Structure formats: C-alpha cells, structure tokens
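Structure data (mmCIF, C-alpha atoms) from input_18.cif:
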```
data_my_file
#
loop_
_atom_site.group_PDB
_atom_site.id
_atom_site.type_symbol
_atom_site.label_atom_id
_atom_site.label_comp_id
_atom_site.auth_asym_id
_atom_site.auth_seq_id
_atom_site.Cartn_x
_atom_site.Cartn_y
_atom_site.Cartn_z
ATOM 1 C CA GLN A 18 -17.871 -6.598 -4.320
ATOM 2 C CA VAL A 19 -15.714 -7.366 -1.303
ATOM 3 C CA GLN A 20 -16.924 -6.119 2.017
ATOM 4 C CA LEU A 21 -15.445 -6.767 5.457
ATOM 5 C CA VAL A 22 -16.976 -5.247 8.582
ATOM 6 C CA GLU A 23 -15.184 -5.855 11.873
ATOM 7 C CA SER A 24 -16.791 -5.217 15.245
ATOM 8 C CA GLY A 25 -16.577 -6.145 18.911
ATOM 9 C CA GLY A 26 -13.478 -4.279 19.991
ATOM 10 C CA GLY A 27 -13.266 -2.078 23.043
ATOM 11 C CA LEU A 28 -11.428 -1.246 26.226
ATOM 12 C CA VAL A 29 -10.815 -4.106 28.632
ATOM 13 C CA GLN A 30 -8.599 -4.716 31.639
ATOM 14 C CA ALA A 31 -5.734 -7.164 31.473
ATOM 15 C CA GLY A 32 -7.037 -10.678 31.964
ATOM 16 C CA GLY A 33 -10.361 -9.856 30.396
ATOM 17 C CA SER A 34 -12.061 -11.205 27.300
ATOM 18 C CA LEU A 35 -13.505 -9.904 24.057
ATOM 19 C CA ARG A 36 -15.162 -11.494 21.061
ATOM 20 C CA LEU A 37 -14.524 -9.940 17.673
ATOM 21 C CA SER A 38 -16.791 -10.483 14.679
ATOM 22 C CA CYS A 39 -16.193 -9.954 10.998
ATOM 23 C CA ALA A 40 -19.066 -9.955 8.532
ATOM 24 C CA ALA A 41 -17.669 -10.856 5.146
ATOM 25 C CA SER A 42 -19.229 -10.713 1.716
ATOM 26 C CA GLY A 43 -19.923 -14.145 0.344
ATOM 27 C CA ASN A 44 -17.488 -14.117 -2.517
ATOM 28 C CA ILE A 45 -14.486 -13.731 -0.233
ATOM 29 C CA PHE A 46 -15.746 -15.804 2.657
ATOM 30 C CA SER A 47 -16.950 -19.025 1.104
ATOM 31 C CA ILE A 48 -13.918 -19.947 -0.976
ATOM 32 C CA ASN A 49 -11.039 -18.671 1.127
ATOM 33 C CA ALA A 50 -9.219 -19.466 4.271
ATOM 34 C CA MET A 51 -9.861 -16.487 6.509
ATOM 35 C CA ALA A 52 -7.677 -14.807 9.087
ATOM 36 C CA TRP A 53 -7.460 -12.173 11.746
ATOM 37 C CA TYR A 54 -4.609 -9.683 11.679
ATOM 38 C CA ARG A 55 -3.627 -6.848 13.985
ATOM 39 C CA GLN A 56 -1.630 -3.677 13.619
ATOM 40 C CA VAL A 57 -0.055 -1.247 16.015
ATOM 41 C CA PRO A 58 0.775 2.252 14.721
ATOM 42 C CA GLY A 59 4.213 2.302 13.170
ATOM 43 C CA LYS A 60 4.455 -1.469 12.866
ATOM 44 C CA GLN A 61 3.662 -4.011 10.190
ATOM 45 C CA ARG A 62 0.319 -5.741 10.242
ATOM 46 C CA GLU A 63 0.773 -9.200 11.772
ATOM 47 C CA LEU A 64 -1.136 -12.428 11.334
ATOM 48 C CA VAL A 65 -2.891 -13.489 14.534
ATOM 49 C CA ALA A 66 -4.942 -16.534 13.554
ATOM 50 C CA SER A 67 -6.239 -18.292 10.468
ATOM 51 C CA ILE A 68 -8.928 -20.823 9.654
ATOM 52 C CA SER A 69 -9.235 -22.930 6.517
ATOM 53 C CA THR A 70 -12.436 -23.663 4.637
ATOM 54 C CA SER A 71 -12.548 -27.018 6.429
ATOM 55 C CA GLY A 72 -12.020 -25.488 9.851
ATOM 56 C CA SER A 73 -8.333 -26.143 10.475
ATOM 57 C CA THR A 74 -6.828 -23.388 12.580
ATOM 58 C CA ASN A 75 -3.416 -21.860 13.193
ATOM 59 C CA TYR A 76 -2.297 -19.249 15.681
ATOM 60 C CA ALA A 77 0.604 -16.938 16.257
ATOM 61 C CA ASP A 78 2.718 -18.147 19.153
ATOM 62 C CA SER A 79 1.876 -15.001 21.102
ATOM 63 C CA VAL A 80 -1.847 -15.866 21.224
ATOM 64 C CA LYS A 81 -1.865 -19.672 21.338
ATOM 65 C CA GLY A 82 -4.027 -20.973 24.127
ATOM 66 C CA ARG A 83 -5.725 -17.595 24.592
ATOM 67 C CA PHE A 84 -7.441 -16.848 21.258
ATOM 68 C CA THR A 85 -9.847 -18.986 19.240
ATOM 69 C CA ILE A 86 -10.836 -18.341 15.631
ATOM 70 C CA SER A 87 -14.044 -19.736 14.178
ATOM 71 C CA ARG A 88 -16.302 -19.214 11.186
ATOM 72 C CA ASP A 89 -20.028 -19.434 10.532
ATOM 73 C CA TYR A 90 -20.979 -20.253 6.935
ATOM 74 C CA VAL A 91 -24.621 -19.373 7.491
ATOM 75 C CA LYS A 92 -23.805 -15.870 8.694
ATOM 76 C CA ASN A 93 -20.670 -15.424 6.531
ATOM 77 C CA THR A 94 -18.919 -14.328 9.701
ATOM 78 C CA VAL A 95 -15.510 -14.965 11.212
ATOM 79 C CA TYR A 96 -15.027 -14.687 14.959
ATOM 80 C CA LEU A 97 -12.045 -14.219 17.234
ATOM 81 C CA GLN A 98 -12.642 -15.109 20.859
ATOM 82 C CA MET A 99 -9.918 -13.576 22.995
ATOM 83 C CA HIS A 100 -9.271 -14.532 26.613
ATOM 84 C CA SER A 101 -6.564 -13.585 29.133
ATOM 85 C CA LEU A 102 -5.909 -10.377 27.253
ATOM 86 C CA LYS A 103 -2.605 -8.611 27.788
ATOM 87 C CA PRO A 104 -1.604 -4.980 27.208
ATOM 88 C CA GLU A 105 0.554 -6.151 24.291
ATOM 89 C CA ASP A 106 -2.629 -7.349 22.547
ATOM 90 C CA THR A 107 -3.620 -3.709 22.108
ATOM 91 C CA ALA A 108 -3.993 -3.039 18.382
ATOM 92 C CA VAL A 109 -6.466 -2.512 15.577
ATOM 93 C CA TYR A 110 -7.764 -5.927 14.529
ATOM 94 C CA TYR A 111 -8.700 -6.720 10.948
ATOM 95 C CA CYS A 112 -10.048 -9.771 9.214
ATOM 96 C CA ASN A 113 -9.381 -10.759 5.637
ATOM 97 C CA ARG A 114 -8.659 -13.795 3.527
ATOM 98 C CA TYR A 115 -5.553 -15.648 4.581
ATOM 99 C CA GLY A 116 -2.614 -14.282 2.609
ATOM 100 C CA ALA A 117 -4.149 -10.875 1.957
ATOM 101 C CA ARG A 118 -1.644 -8.239 0.919
ATOM 102 C CA ASP A 119 -1.380 -4.617 1.962
ATOM 103 C CA ARG A 120 -2.677 -3.502 -1.433
ATOM 104 C CA ASP A 121 -5.831 -5.617 -1.135
ATOM 105 C CA TYR A 122 -9.101 -4.249 0.196
ATOM 106 C CA TRP A 123 -9.239 -4.007 3.996
ATOM 107 C CA GLY A 124 -12.126 -3.088 6.266
ATOM 108 C CA GLN A 125 -11.966 -0.365 8.886
ATOM 109 C CA GLY A 126 -10.839 -2.724 11.636
ATOM 110 C CA THR A 127 -11.844 -2.691 15.283
ATOM 111 C CA GLN A 128 -9.750 -1.211 18.083
ATOM 112 C CA VAL A 129 -8.820 -3.414 21.025
ATOM 113 C CA THR A 130 -7.267 -1.664 24.002
ATOM 114 C CA VAL A 131 -6.072 -3.652 27.015
ATOM 115 C CA SER A 132 -5.237 -1.667 30.126
ATOM 116 C CA SER A 133 -2.756 -2.904 32.700
#
```
This structure in structure tokens:
Amino acid sequence: QVQLVESGGGLVQAGGSLRLSCAASGNIFSINAMAWYRQVPGKQRELVASISTSGSTNYADSVKGRFTISRDYVKNTVYLQMHSLKPEDTAVYYCNRYGARDRDYWGQGTQVTVSS
C-alpha cells in the first residue's frame, strides 16, 4: 500500500529556509525516481525537483541554486532543503514518484508560506 507523509512546512520570512521531509512506503520509494511538486490554489501542480534512484537530480529553473533534493534509503525518506525562500515559493508541497499523475495517490502535502 502506497503511503506518502509530507512534513516540515510552515511560515517563514523571505530569505529564510525550511527543510521538507517525505516518508514514503518502501514499494514506491525504492524502485522509483522521486520528486517534489507544489501547487497553488487554482493552478496546476508543478514539478519542483526530482532525484533518480542513483541520486541524479534535476530542478525547475525557478528553484535552481536555492533548493536541494535528497533521499535516504535507510529511512525511506525524501528531503527538500529550501534556502533563500521567496513569496512566490508559497504553495502546498507534495512528494511522489517522478512522473506521478493527478489520478495517482497523493499525500496530504505540507503548506509553505513565505511572507515578504
């Protein structure tokens, strides 16, 4: 059974940092590239960062140089370290396998709010 539990969000001032965590069930974590996505009300969910099973990473242009994705195979957890946060980073952040579709299972997400 797939389970994704995101945590670590909160309210932070512009320029601040947050570290998001996503505890994933083993059957989705161990064999898939994983990713972080974010969604603002009324807009499509967007891909923020991804990490392959071998650790290769990719980032959306809007977060390059500020965000770092990583994964821990012992804890079955994906992380998103976010620095130099901007108000436009405000969104609900979700993790899932890379390439997940809207109709797939999604966790509850974690809210990130960046004040100016």
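When the distance limit is 8 Å and all atoms listed in the file are what count, the residues near Gly124 (chain A), minus those fewer than 6 positions from it on the same chain, are Gln20, Leu21, Val22, Glu23, Tyr111 and Cys112 of chain A.
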Take the residues from that selection and put them in a file with C-alpha atoms, as a PDB file, keeping the file's coordinate frame.
```pdb
ATOM      1  CA  GLN A  20     -16.924  -6.119   2.017  1.00  0.00           C
ATOM      2  CA  LEU A  21     -15.445  -6.767   5.457  1.00  0.00           C
ATOM      3  CA  VAL A  22     -16.976  -5.247   8.582  1.00  0.00           C
ATOM      4  CA  GLU A  23     -15.184  -5.855  11.873  1.00  0.00           C
ATOM      5  CA  TYR A 111      -8.700  -6.720  10.948  1.00  0.00           C
ATOM      6  CA  CYS A 112     -10.048  -9.771   9.214  1.00  0.00           C
TER       7      CYS A 112
END
```
Output check: residues returned by the PyMOL selection byres ((chain A and resi 83) around 12), as number ranges by chain: A: 32-36, 65-66, 76-82, 84-86, 97-103, 106
CA of Ala31 (chain A) to CA of Pro58 (chain A), distance in Å rounded to a single decimal: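 Between CA of Ala31 (chain A) and CA of Pro58 (chain A) the gap is 20.3 Å.
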What would the selection look like, as an mmCIF file with C-alpha atoms, in the frame of the given file, if the PyMOL selection byres ((chain A and resi 45) around 12) were run on the coordinates I just shared?
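Output saved as result-v1.cif:
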```cif
data_model
loop_
_atom_site.group_PDB
_atom_site.id
_atom_site.type_symbol
_atom_site.label_atom_id
_atom_site.label_comp_id
_atom_site.auth_asym_id
_atom_site.auth_seq_id
_atom_site.Cartn_x
_atom_site.Cartn_y
_atom_site.Cartn_z
ATOM 1 C CA GLN A 18 -17.871 -6.598 -4.320
ATOM 2 C CA VAL A 19 -15.714 -7.366 -1.303
ATOM 3 C CA GLN A 20 -16.924 -6.119 2.017
ATOM 4 C CA LEU A 21 -15.445 -6.767 5.457
ATOM 5 C CA CYS A 39 -16.193 -9.954 10.998
ATOM 6 C CA ALA A 40 -19.066 -9.955 8.532
ATOM 7 C CA ALA A 41 -17.669 -10.856 5.146
ATOM 8 C CA SER A 42 -19.229 -10.713 1.716
ATOM 9 C CA GLY A 43 -19.923 -14.145 0.344
ATOM 10 C CA ASN A 44 -17.488 -14.117 -2.517
ATOM 11 C CA PHE A 46 -15.746 -15.804 2.657
ATOM 12 C CA SER A 47 -16.950 -19.025 1.104
ATOM 13 C CA ILE A 48 -13.918 -19.947 -0.976
ATOM 14 C CA ASN A 49 -11.039 -18.671 1.127
ATOM 15 C CA ALA A 50 -9.219 -19.466 4.271
ATOM 16 C CA MET A 51 -9.861 -16.487 6.509
ATOM 17 C CA ALA A 52 -7.677 -14.807 9.087
ATOM 18 C CA THR A 70 -12.436 -23.663 4.637
ATOM 19 C CA TYR A 90 -20.979 -20.253 6.935
ATOM 20 C CA ASN A 93 -20.670 -15.424 6.531
ATOM 21 C CA THR A 94 -18.919 -14.328 9.701
ATOM 22 C CA VAL A 95 -15.510 -14.965 11.212
ATOM 23 C CA CYS A 112 -10.048 -9.771 9.214
ATOM 24 C CA ASN A 113 -9.381 -10.759 5.637
ATOM 25 C CA ARG A 114 -8.659 -13.795 3.527
ATOM 26 C CA TYR A 115 -5.553 -15.648 4.581
ATOM 27 C CA ALA A 117 -4.149 -10.875 1.957
ATOM 28 C CA ASP A 121 -5.831 -5.617 -1.135
ATOM 29 C CA TYR A 122 -9.101 -4.249 0.196
ATOM 30 C CA TRP A 123 -9.239 -4.007 3.996
#
```
One-decimal distance in Å that lies between CA of Leu37 (chain A) and CA of Trp53 (chain A):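 Separation of CA of Trp53 (chain A) and CA of Leu37 (chain A): 9.5 Å.
Among the candidate residues A:Arg55, A:Gln125, A:Glu105, A:Arg88, the one lying nearest to Ser73 (chain A) is A:Arg88, with distances computed using only C-alpha atoms.
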Hits from the PyMOL selection byres ((chain A and resi 62) around 10), listed as a PyMOL selection string: chain A and resi 54-61+63-65+108-111+118-119
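Reported to one decimal place, the separation of CA of Gly116 (chain A) from CA of Gly72 (chain A) is 16.3 Å.
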Selected residue, from A:Ser69, A:Thr107, A:Asn75, A:Thr127, that lies nearest to Val29 (chain A) when counting all atoms listed in the file: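 Ranked by minimum distance to Val29 (chain A), first place goes to A:Thr107.
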Pick from A:Thr130, A:Lys92, A:Arg120, A:Pro104, whichever lies nearest to Gly26 (chain A) using all atoms listed in the file: A:Thr130
Which residue of A:Gln128, A:Tyr96, A:Ser133, A:Ser67 approaches Ser38 (chain A) most closely, using all atoms listed in the file: A:Tyr96
Can you report as lines of an AutoDock Vina configuration file the centre and edge lengths in Å, to one decimal, of an axis-aligned box around the listed atoms of region 18-26 of chain A padded with 3 Å on each side?
```
center_x = -15.7
center_y = -5.8
center_z = 7.8
size_x = 10.4
size_y = 9.1
size_z = 30.3
```
